[in-house]
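Peer 1: The structure is given below, and queries will be raised subsequently.
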Amino acid sequence: MTERQWQQLIEVINGRIFDPLPVGFMAGSPWFAHWAGLSLMDYFTSEELWFQANLKAVQTFPQVLFLPGFWPEFGMCTEPAAFGTRCSWQEEELPFPHKIITDINQINSLEKPDPARDGLTPFALKRLQHYQSRIEAAGHRVKMAAARGPATVASFLTGTTEFLLALKTQPQQAHKLLDVVTDFIVDWLQLQLATFPSIDGILILDDVVGFLGEDDFKTMAKPYLKRIFQSLKVTVKFFHNDSPGVVCAPWLNEIGVNLFNFSFHHSLGQMKELTGNKVTLMGNIPPRDELAAGSPERVRQSAVAALDSVADKSRIILSCGGGMPMGASTENITALLAAAKIGG
């Protein structure tokens, strides 16, 4: 992300209205690889192909805020691998982390990994270090530290169903697991910041929190998210949850979140009300059915409908309701950029 883009992002978070509205995407490996004509395995295993795909995107769409920007992730395996999970890789499919906890009592012996030495996090960090000078030569800087959230990482270690059951049947053990995972995530974010002092924001991705009821969210998710978002003194605090987001939205400001990417099933108007207009909203057209599978005209119509759902255009970044989908074309992204004009 360029310094100019970063300042625009901060101004939007502070309530300034731009016309056209800024357009941004939480974009990772599935979209970058497919859009650049690469297999996912090539994208993950070649630092040069990873860099060229990201560089091509920011040069093709200089108006777009790509968040977190030059993200050196290895899919969902980035954080679970540090705990020792076996990761399966395929040429055209996202890698899959296999659970390592088959009995909830195994949590008692779970040790916190070191993100500087364990799993894939050291490789992610080195990838950015190797290409930092070329990223900066292109006019961009490393501005965000990123990690999957505690409930998501925990669910990969135990299995999603098993984790959700443990929240209800063995909450003490579930809390132990979330404590260890949260401490690791904080360490991982702090390591990224220590390595790249240009970082001024964090991104946490956690879809599992959307599966929780209100009581479980307040006891099993909110305290851990709050610990993470308040662990670093940075300006931008970005939360991604594209499962049902109603349960978390009213608490985001208290947690420390000031930028939220959420499910397209919720309108911008609904989320403005739930967040008290204290959190910048990033959305909200359907990612798969419109941005990836729709025509440019359908993308334009969907964007207009999303913006029509809200009178106050402050604290809005036009995007899709979730992560950038595989298959989103240059033409459709261009159509979304054109639809961002609100002045006439």
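Naming scheme: A, B, ... for chains in displayed order of the structure tokens; residues 1 onward per chain; ligands 1 onward as shown.
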Tell me, as a ChimeraX atom specification, which residues lie within 12 Å of Gly37 in chain A, counting only C-alpha atoms; anything in the same chain fewer than 2 positions away does not count.

Peer 2: /A:29-35,39-43,49-50,52-53,56,92,326-327,329

Peer 1: So that each row is one residue of range 112-162 of chain A with an atom at most 10 Å from range 176-198 of chain A, can you give its shortest atom pair and the distance in Å to one decimal, using only C-alpha atoms, rows by chain and rising number, as a tab-separated table?

Peer 2:
```
residue	atom	partner	partner_atom	distance
A:Lys112	CA	A:Val180	CA	5.7
A:Pro113	CA	A:Phe184	CA	6.5
A:Asp114	CA	A:Phe184	CA	7.3
A:Pro115	CA	A:Trp188	CA	5.4
A:Ala116	CA	A:Leu191	CA	7.4
A:Thr121	CA	A:Trp188	CA	7.8
A:Pro122	CA	A:Trp188	CA	9.7
A:Ala124	CA	A:Gln192	CA	9.8
A:Leu125	CA	A:Gln192	CA	7.1
A:Lys126	CA	A:Thr195	CA	9.8
A:Leu128	CA	A:Phe196	CA	9.1
A:Gln129	CA	A:Thr195	CA	8.3
A:Gln132	CA	A:Phe196	CA	9.1
A:Arg141	CA	A:Ser198	CA	6.9
A:Val142	CA	A:Ser198	CA	6.1
A:Lys143	CA	A:Ser198	CA	5.7
A:Met144	CA	A:Leu193	CA	8.3
A:Ala145	CA	A:Leu189	CA	5.7
A:Ala146	CA	A:Leu189	CA	6.7
A:Ala147	CA	A:Ile185	CA	6.7
A:Arg148	CA	A:Ile185	CA	7.8
A:Gly149	CA	A:Ile185	CA	7.5
A:Pro150	CA	A:Thr182	CA	5.5
A:Ala151	CA	A:Leu178	CA	7.0
A:Thr152	CA	A:Val181	CA	9.8
A:Val153	CA	A:Val181	CA	7.1
A:Ala154	CA	A:Leu178	CA	6.6
A:Ser155	CA	A:Leu178	CA	9.9
A:Leu157	CA	A:Leu177	CA	9.4
A:Thr158	CA	A:Leu177	CA	9.6
```

Peer 1: So what do you get for CA of Leu307 in chain A versus CA of Phe238 in chain A, distance-wise?

Peer 2: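 Rounded to one decimal, the two atoms are 20.9 Å apart.
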
Peer 1: I'd like the interatomic distance between CA of Pro72 in chain A and CA of Gln59 in chain A, to a tenth of an Å.

Peer 2: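 Taking CA of Pro72 in chain A and CA of Gln59 in chain A, their separation equals 18.1 Å.
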
Peer 1: Enumerate, as a PyMOL selection string, the complete set of residues in range 63-207 of chain A that a backbone-based DSSP assignment places in alpha helix (DSSP H).

Peer 2: chain A and resi 121-137+150-158+160-169+171-195

Peer 1: What parts of range 40-91 of chain A does DSSP call strand (DSSP E or B)? I'd like the answer as an MDAnalysis selection string.

Peer 2: chainID A and resid 64:67 74 76 87:88

Peer 1: Restricting the calculation to only C-alpha atoms, which member of A:Leu205, A:Ala339, A:Asn108, A:Thr45 is positioned closest to Met76 in chain A?

Peer 2: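 Selected residue with least distance to Met76 in chain A: A:Leu205.
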
Peer 1: I want to know what sits within 7 Å of Val310 in chain A, based on only C-alpha atoms, with residues of the same chain fewer than 3 positions away left out; could you give that as a list of chain:residue names?

Peer 2: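 Once the nearby chain positions are removed, what remains is A:Leu268, A:Gly269, A:Leu307, A:Lys313.
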
Peer 1: I need the residues from that last selection saved to file as a JSON list (two decimals), in the first residue's frame (with all heavy atoms), if you can.

Peer 2:
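The result, stored in again_29.json:
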```json
[["chain", "number", "residue", "atom", "x", "y", "z"],
["A", 268, "LEU", "N", -25.26, -2.52, 4.36],
["A", 268, "LEU", "CA", -24.48, -1.45, 4.96],
["A", 268, "LEU", "C", -25.29, -0.69, 5.99],
["A", 268, "LEU", "O", -24.78, -0.32, 7.06],
["A", 268, "LEU", "CB", -23.98, -0.50, 3.87],
["A", 268, "LEU", "CG", -22.92, -1.05, 2.91],
["A", 268, "LEU", "CD1", -22.75, -0.12, 1.71],
["A", 268, "LEU", "CD2", -21.59, -1.22, 3.63],
["A", 269, "GLY", "N", -26.58, -0.47, 5.69],
["A", 269, "GLY", "CA", -27.44, 0.23, 6.63],
["A", 269, "GLY", "C", -27.59, -0.51, 7.94],
["A", 269, "GLY", "O", -27.54, 0.08, 9.03],
["A", 307, "LEU", "N", -25.16, 0.74, -1.89],
["A", 307, "LEU", "CA", -25.02, 2.11, -1.41],
["A", 307, "LEU", "C", -26.36, 2.77, -1.15],
["A", 307, "LEU", "O", -26.49, 3.62, -0.27],
["A", 307, "LEU", "CB", -24.22, 2.93, -2.43],
["A", 307, "LEU", "CG", -22.75, 2.51, -2.60],
["A", 307, "LEU", "CD1", -22.09, 3.32, -3.71],
["A", 307, "LEU", "CD2", -21.99, 2.67, -1.29],
["A", 313, "LYS", "N", -22.89, 8.23, 3.75],
["A", 313, "LYS", "CA", -21.82, 7.55, 3.03],
["A", 313, "LYS", "C", -20.46, 7.66, 3.73],
["A", 313, "LYS", "O", -19.44, 7.29, 3.16],
["A", 313, "LYS", "CB", -21.70, 8.12, 1.61],
["A", 313, "LYS", "CG", -22.97, 8.00, 0.76],
["A", 313, "LYS", "CD", -23.41, 6.55, 0.57],
["A", 313, "LYS", "CE", -24.50, 6.40, -0.49],
["A", 313, "LYS", "NZ", -25.78, 7.04, -0.12]]
```

Peer 1: Between CA of Asn241 in chain A and CA of Ile285 in chain A, measure the distance and give it in Å to one decimal.

Peer 2: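 Distance reported for this atom pair: 14.7 Å.
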
Peer 1: Would you pick out the contacts of Asn284 in chain A at 7 Å or less, using only C-alpha atoms, so that residues sharing its chain but fewer than 6 positions from it are not included, and give the list as a compact mmCIF listing (two decimals) with C-alpha atoms, in the first residue's frame?

Peer 2:
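File around-v1.txt, as written:
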```txt
# COMPACT_ATOMS: atom_id res chain seq x y z
CA PHE A 264 -22.94 -9.66 2.07
CA SER A 267 -26.67 -4.47 4.41
CA LEU A 268 -24.48 -1.45 4.96
CA ALA A 306 -25.64 -1.63 -1.60
CA LEU A 318 -16.94 -0.16 -1.35
CA SER A 319 -16.03 -3.83 -1.58
CA CYS A 320 -17.47 -7.31 -1.61
CA GLY A 321 -19.08 -8.86 1.45
```

Peer 1: Using only C-alpha atoms, which of the listed residues (A:Ile204, A:Ala138, A:Ile10, A:Val304) sits closest to Phe51 in chain A?

Peer 2: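 Distance minimum relative to Phe51 in chain A lands on A:Ala138.
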